[in-house]
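Asks: Sharing a structure below in structure tokens format, with a few things to ask.
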Amino acid sequence: MTNDNPEQYDFVVLSNRLPVDRVVAADGTATWEHSPGGLVTALEPVMRAADGAWVGWAGQADLEFDPFYSDGIHIIPVTLTADEVENYYEGFSNDTLWPLYHDVISSPSYHREWWESYVLVNQRFADAAAASAAPGAVVWVQDYQLQLVPKMLRAARPDLTIGFFNHIPFPPYGIYSQLPWRKQIIEGLLGADVIGFQRVADAGNFARAVRRLMGYVTKTPLIEVPGEEPRTVLAKAFPISIDSSSFEELARRPDVQARAKEIREGLGNPKTIMLGVDRLDYTKGIGHRLKAYGELLSEGRLEVEDVTLVQVASPSRERVQAYMQLRDEIELTVGRINGDFATISHTAISYHHHGYPREEMVALYLAADVMLVTALRDGMNLVAKEYVASRFDETGVLVLSEFTGASDELKRALRINPHDIDGLKDAIVHAIEMPREQQAKRMRSMRKQVLRFDVSRWSVDFLTALRQSRVVPAVIEDDDDPLGELESTIDRIRRP
Ligand code: G6P
């Protein structure tokens with residue numbers, strides 16, 4: 001279908017956060033910085049290839065921007081007021097849904113005014129998408145912050161094809177049912193043609209919630225939605241991934257390898273460098289990791305001269321109480337362990353409360369003999385895949401929590417239950433002592449998986465399912481197939 005309105009797009013992605021954040025320094029100077037988190041990491045290369053528009057928030061309250069073009073992506077900013085940042089983003093998204101969807105590791109708070117703000121902001125995103133989508137366009141809504149958008153958008157624009165992808169887990173019904181607005185969220189999501197989840201278990205949890213709350217018939221992976229115009233919704237696992245070859249390319253660059261060597265030297269060339277890379281979030285099990293490591297040092301199973309743990313903990317959601325408390329706890333523990341075990345020449349934990357550019361991250365992955373991913377619950381965990389993609393020489397050991405989506409795919413990692421501290425300690429020692437041939441066997445098999453199932457494959461699979469799910473709606477009075485454009489989008493993603 002041709003579209004003559006230059007401000008409308010055939011392919012529109014919505015996520016709470018844009019790939020760039022507006023950051024204003026204390027002296028008032030403003031810059032655009034790369035946004036944190038797995039969602040942006042995964043979607044950026046897809047969006048560059050797709051030539052669509054990305055609707056989202058620039059990370060600061062009350063800022064209004066006109067749409068702009070940045071690094072191959074059309075950006076359409078949505079404004080949030082300071083109240084909305086507090087109620088919709090910090091409140092309902094990150095202090096209700098986030099803990100609820102991550103197995104209530106931290107207690108969710110339920111506040112009606114947060115919910116009202118969530119509805120209002122979801123409507124704003126739906127309106128922005130409705131305004132920027134060309135007739136018959138494909139709109140792909142991302143993540144838990146925008147679960148009401150599919151239904152709102154369908155009401156406004158029945159001509160659109162709507163996909164939704166949930167980047168975080170979908171909890172078992174016994175937990176989900178706590179949510180006072182549990183039915184509204186399910187109805188919101190069912191406005192989509194295809195609902196994607198990270199794991200088969202998440203899709204199963206969702207279908208169960210639909211049966212229990214709505215009484216609809218589900219025939220995995222399909223859900224029958226009754227009504228004046230009955231519809232069938234596809235709800236299925238599409239495990240997300242990374243731009244794997246770009247990580248490998250970086251890792252093969254001589255300057256990145258030189259930087260990895262410099263990092264090792266800077267740490268005093270210990271026999272083993274272990275690495276943790278996380279947003280500073282209570283779902284990541286950073287405390288469990290530190291506990292295991294501290295005990296190993298105190299029992300003399302590890303010596304500080306031989307092993308250093310590098311922990312990158314990037315700042316996250318710093319105005320939410322649970323995150324402030326977590327930061328205090330983690331930093332106290334890091335201080336204690338360093339105080340007890342570090343020597344003048346050897347530090348036990350090299351702790352960094354920053355984000356780093358991708359080159360530096362890859363240098364860290366190359367410098368690390370052991371990667372520790374000990375999340376208590378994680379939709380996917382792309383850091384695990386980034387480590388594997390970067391280890392082109394097939395050395396290195398990944399210790400991986402079985403509570404991550406990644407552990408469904410990376411079966412040759414050393415899989416652990418982070419709650420079992422003794423088991424975690426044994427796995428760390430096993431990883432450190434693993435002979436090279438065994439490392440290579442495991443790494444080779446994991447690399448095959450990560451290089452084959454990369455982010456382009458993920459989006460092509462999702463968009464192909466979306467293409468197949470939708471019959472051309474009657475409201476389109478055009479001889480062209482409005483989804484024809486999607487074919488070329490899929491082709492461009494496949495061959496960027
Ligand atoms: C996770 C979520 C994303 C989120 C990111 C960073 O990856 O799935 O939706 O954007 O964390 O969190 P933030 O609250 O800073 O956007």
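Chains: A, B, ... in order of the structure tokens. Residues: from 1 per chain. Ligands: from 1, in order shown.
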Kindly work out which residues sit at most 8 Å from ligand 1, using only C-alpha atoms and all ligand atoms, and give the list as a list in words.

Replies: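 Counting only what the definition allows, namely only C-alpha atoms and all ligand atoms, the set is Ser15, Asn16, Arg17, Ser35, Pro36, Gly37, Gly38, Leu39, Val40, Tyr89, Glu90, Asn94, Gln142, Asp143, Tyr144, Gln145, Asn166, His167, Ile168, Arg279, Ser316, Arg317 and Gly379 of chain A.
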
Asks: Could you take the residues named above and write them with C-alpha atoms, as a PDB file, in the first residue's frame?

Replies:
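Resulting contents of result_36.pdb:
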```pdb
ATOM      1  CA  SER A  15       8.283   1.064  23.806  1.00  0.00           C
ATOM      2  CA  ASN A  16       8.294   3.032  27.005  1.00  0.00           C
ATOM      3  CA  ARG A  17      11.916   3.988  26.484  1.00  0.00           C
ATOM      4  CA  SER A  35      19.390   3.984  26.969  1.00  0.00           C
ATOM      5  CA  PRO A  36      19.886   1.100  29.399  1.00  0.00           C
ATOM      6  CA  GLY A  37      18.443  -2.401  29.251  1.00  0.00           C
ATOM      7  CA  GLY A  38      17.949  -5.423  27.063  1.00  0.00           C
ATOM      8  CA  LEU A  39      14.928  -4.140  25.142  1.00  0.00           C
ATOM      9  CA  VAL A  40      16.836  -1.306  23.481  1.00  0.00           C
ATOM     10  CA  TYR A  89       6.705   4.678  35.322  1.00  0.00           C
ATOM     11  CA  GLU A  90       8.236   4.453  38.800  1.00  0.00           C
ATOM     12  CA  ASN A  94       8.333  -0.538  38.233  1.00  0.00           C
ATOM     13  CA  GLN A 142       6.894  -3.679  23.458  1.00  0.00           C
ATOM     14  CA  ASP A 143       6.858  -4.712  27.076  1.00  0.00           C
ATOM     15  CA  TYR A 144       4.960  -4.512  30.344  1.00  0.00           C
ATOM     16  CA  GLN A 145       4.723  -0.716  30.507  1.00  0.00           C
ATOM     17  CA  ASN A 166       6.629  -9.078  26.567  1.00  0.00           C
ATOM     18  CA  HIS A 167      10.347  -8.805  27.378  1.00  0.00           C
ATOM     19  CA  ILE A 168       9.928  -9.906  30.984  1.00  0.00           C
ATOM     20  CA  ARG A 279      21.414  -3.328  35.819  1.00  0.00           C
ATOM     21  CA  SER A 316      18.671   1.827  37.308  1.00  0.00           C
ATOM     22  CA  ARG A 317      15.334   3.260  38.553  1.00  0.00           C
ATOM     23  CA  GLY A 379      12.847 -12.742  31.068  1.00  0.00           C
TER      24      GLY A 379
END
```

Asks: Please identify which residues in range 236-316 of chain A DSSP calls strand (DSSP E or B) from the backbone, and express them as a compact mmCIF listing (two decimals) with C-alpha atoms, in the first residue's frame.

Replies:
```
# COMPACT_ATOMS: atom_id res chain seq x y z
CA LYS A 236 3.61 -18.02 21.71
CA ALA A 237 7.25 -18.02 22.77
CA THR A 272 41.02 -15.88 36.96
CA ILE A 273 38.81 -12.90 36.29
CA MET A 274 35.13 -13.41 36.98
CA LEU A 275 32.58 -10.94 35.65
CA GLY A 276 29.06 -9.85 36.55
CA VAL A 277 27.19 -7.33 34.35
CA ASP A 278 23.73 -6.25 35.41
CA ARG A 279 21.41 -3.33 35.82
CA VAL A 307 40.77 -14.42 41.54
CA THR A 308 39.14 -11.03 41.02
CA LEU A 309 35.45 -10.40 40.51
CA VAL A 310 34.60 -7.45 38.28
CA GLN A 311 31.03 -6.34 38.93
CA VAL A 312 29.45 -3.80 36.60
CA ALA A 313 26.18 -2.64 38.14
CA SER A 314 24.61 -0.01 35.90
```

Asks: For His102 in chain A, please output as a ChimeraX atom specification all residues within 9 Å (counting only C-alpha atoms; exclusion window: fewer than 2 positions along the same chain).

Replies: /A:97-100,104-106,168-171,283,376-379

Asks: Any chance you can output those residues with all heavy atoms as a compact mmCIF listing (two decimals), in the first residue's frame?

Replies:
```txt
# COMPACT_ATOMS: atom_id res chain seq x y z
N LEU A 97 4.04 -3.79 38.51
CA LEU A 97 4.18 -4.88 37.52
C LEU A 97 5.54 -5.58 37.58
O LEU A 97 5.60 -6.81 37.52
CB LEU A 97 3.95 -4.32 36.11
CG LEU A 97 2.54 -3.82 35.81
CD1 LEU A 97 2.50 -3.14 34.44
CD2 LEU A 97 1.53 -4.97 35.85
N TRP A 98 6.61 -4.79 37.69
CA TRP A 98 7.95 -5.41 37.65
C TRP A 98 8.12 -6.46 38.75
O TRP A 98 8.42 -7.62 38.46
CB TRP A 98 9.04 -4.33 37.69
CG TRP A 98 10.42 -4.89 37.60
CD1 TRP A 98 11.23 -5.25 38.65
CD2 TRP A 98 11.18 -5.20 36.42
NE1 TRP A 98 12.43 -5.75 38.19
CE2 TRP A 98 12.43 -5.72 36.82
CE3 TRP A 98 10.91 -5.07 35.05
CZ2 TRP A 98 13.41 -6.12 35.90
CZ3 TRP A 98 11.89 -5.46 34.14
CH2 TRP A 98 13.12 -5.98 34.58
N PRO A 99 7.88 -6.11 40.03
CA PRO A 99 8.03 -7.14 41.07
C PRO A 99 7.00 -8.27 40.94
O PRO A 99 7.32 -9.44 41.18
CB PRO A 99 7.87 -6.38 42.39
CG PRO A 99 7.24 -5.09 42.04
CD PRO A 99 7.61 -4.78 40.63
N LEU A 100 5.77 -7.94 40.52
CA LEU A 100 4.74 -8.98 40.38
C LEU A 100 5.14 -9.99 39.30
O LEU A 100 5.01 -11.20 39.49
CB LEU A 100 3.39 -8.34 40.01
CG LEU A 100 2.23 -9.32 39.91
CD1 LEU A 100 1.74 -9.73 41.30
CD2 LEU A 100 1.04 -8.71 39.13
N VAL A 104 7.37 -11.89 42.56
CA VAL A 104 7.28 -11.13 43.83
C VAL A 104 8.56 -11.22 44.69
O VAL A 104 8.47 -11.30 45.92
CB VAL A 104 6.00 -11.48 44.65
CG1 VAL A 104 4.75 -11.09 43.91
CG2 VAL A 104 5.92 -12.94 45.04
N ILE A 105 9.73 -11.15 44.04
CA ILE A 105 11.01 -11.13 44.77
C ILE A 105 11.01 -9.94 45.73
O ILE A 105 11.53 -10.00 46.83
CB ILE A 105 12.19 -10.99 43.77
CG1 ILE A 105 12.26 -12.21 42.86
CG2 ILE A 105 13.51 -10.76 44.50
CD1 ILE A 105 13.16 -12.01 41.65
N SER A 106 10.45 -8.83 45.26
CA SER A 106 10.20 -7.67 46.12
C SER A 106 8.67 -7.52 46.13
O SER A 106 8.01 -7.93 45.17
CB SER A 106 10.91 -6.47 45.51
OG SER A 106 10.44 -5.27 46.03
N ILE A 168 9.69 -9.38 29.63
CA ILE A 168 9.93 -9.91 30.98
C ILE A 168 9.06 -11.16 31.17
O ILE A 168 8.25 -11.48 30.30
CB ILE A 168 9.67 -8.81 32.06
CG1 ILE A 168 8.19 -8.46 32.17
CG2 ILE A 168 10.49 -7.57 31.76
CD1 ILE A 168 7.86 -7.52 33.33
N PRO A 169 9.23 -11.90 32.27
CA PRO A 169 8.42 -13.12 32.42
C PRO A 169 6.92 -12.78 32.53
O PRO A 169 6.56 -11.65 32.86
CB PRO A 169 8.91 -13.69 33.76
CG PRO A 169 10.22 -13.02 34.04
CD PRO A 169 10.15 -11.68 33.39
N PHE A 170 6.07 -13.74 32.24
CA PHE A 170 4.65 -13.62 32.60
C PHE A 170 4.43 -14.62 33.74
O PHE A 170 4.70 -15.81 33.59
CB PHE A 170 3.73 -13.91 31.41
CG PHE A 170 2.33 -13.42 31.69
CD1 PHE A 170 1.95 -12.13 31.34
CD2 PHE A 170 1.42 -14.23 32.36
CE1 PHE A 170 0.68 -11.66 31.65
CE2 PHE A 170 0.14 -13.75 32.67
CZ PHE A 170 -0.23 -12.46 32.31
N PRO A 171 3.96 -14.13 34.88
CA PRO A 171 3.99 -14.97 36.09
C PRO A 171 2.90 -16.05 36.11
O PRO A 171 1.89 -15.93 35.42
CB PRO A 171 3.73 -13.96 37.21
CG PRO A 171 2.94 -12.87 36.57
CD PRO A 171 3.40 -12.79 35.14
N THR A 283 16.23 -8.32 40.84
CA THR A 283 15.97 -9.59 40.16
C THR A 283 17.26 -10.29 39.74
O THR A 283 17.24 -11.47 39.37
CB THR A 283 15.15 -9.37 38.87
OG1 THR A 283 15.88 -8.47 38.02
CG2 THR A 283 13.79 -8.77 39.17
N LEU A 376 17.60 -14.17 39.86
CA LEU A 376 16.55 -14.93 40.56
C LEU A 376 15.36 -15.13 39.63
O LEU A 376 14.62 -16.10 39.76
CB LEU A 376 16.12 -14.17 41.81
CG LEU A 376 17.28 -13.77 42.76
CD1 LEU A 376 16.76 -12.96 43.93
CD2 LEU A 376 18.03 -15.01 43.23
N ARG A 377 15.18 -14.21 38.73
CA ARG A 377 14.18 -14.34 37.66
C ARG A 377 14.55 -13.33 36.59
O ARG A 377 14.87 -12.19 36.90
CB ARG A 377 12.77 -14.06 38.23
CG ARG A 377 11.63 -14.22 37.27
CD ARG A 377 11.59 -15.51 36.51
NE ARG A 377 10.99 -16.63 37.20
CZ ARG A 377 11.16 -17.92 36.79
NH1 ARG A 377 11.89 -18.20 35.73
NH2 ARG A 377 10.58 -18.89 37.45
N ASP A 378 14.56 -13.75 35.33
CA ASP A 378 14.93 -12.84 34.25
C ASP A 378 14.24 -13.31 32.98
O ASP A 378 14.28 -14.50 32.66
CB ASP A 378 16.47 -12.89 34.05
CG ASP A 378 17.02 -11.59 33.48
OD1 ASP A 378 16.27 -10.89 32.80
OD2 ASP A 378 18.21 -11.31 33.70
N GLY A 379 13.56 -12.38 32.28
CA GLY A 379 12.85 -12.74 31.07
C GLY A 379 13.75 -13.52 30.12
O GLY A 379 13.42 -14.62 29.69
```

Asks: Rank nothing, just name the residue among A:Gly163, A:Pro230, A:Gly72, A:Gly268 nearest to Thr343 in chain A, using only C-alpha atoms.

Replies: A:Gly268

Asks: Using only C-alpha atoms, which residue out of A:Thr347, A:Ser407, A:Gln60, A:Thr489 lies closest to Val78 in chain A?

Replies: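 Of all the options, A:Gln60 lies closest to Val78 in chain A.
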
Asks: Report as a PyMOL selection string: the residues of range 377-432 of chain A with a DSSP assignment of alpha helix (DSSP H), based on the backbone of this structure.

Replies: chain A and resi 382-390+406-409+421-432

Asks: From the set A:Arg154, A:Asp408, A:Ala58, A:Ala129, which residue has the shortest atom-to-atom contact distance to Val23 in chain A, counting only C-alpha atoms?

Replies: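 For Val23 in chain A, the nearest of the given residues is A:Ala58.
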
Asks: To one decimal place, how far is CA of Asp454 in chain A from CA of Gly285 in chain A in Å?

Replies: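 It comes out at 25.7 Å.
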
Asks: What's around Arg264 in chain A at 10 Å? Count only C-alpha atoms, leave out sequence neighbours fewer than 4 positions away in its own chain, and write the answer as a PyMOL selection string.

Replies: chain A and resi 259-260+268-273+308+363-364+366-368

Asks: Do you know which residues are at most 8 Å from Ala251 in chain A counting only C-alpha atoms, after dropping those on the same chain fewer than 2 positions away, and could you put them as a PyMOL selection string?

Replies: chain A and resi 247-249+253+256-257+362-363+366+390-392

Asks: Please determine, counting only C-alpha atoms, which residue among A:Trp140, A:Tyr110, A:Trp32, A:Phe125 has the shortest atom-to-atom distance to Met152 in chain A.

Replies: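 So, comparing all the options, the nearest one is A:Phe125.
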
Asks: Which of these residues is nearest to Arg157 in chain A, using only C-alpha atoms: A:Thr31, A:Ala130, A:Val139, A:Ile416?

Replies: A:Ala130

Asks: Enter the distance from CA of Ala384 in chain A to CA of Asp255 in chain A, in Å, rounded to one decimal.

Replies: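 Distance reported for this atom pair: 22.8 Å.
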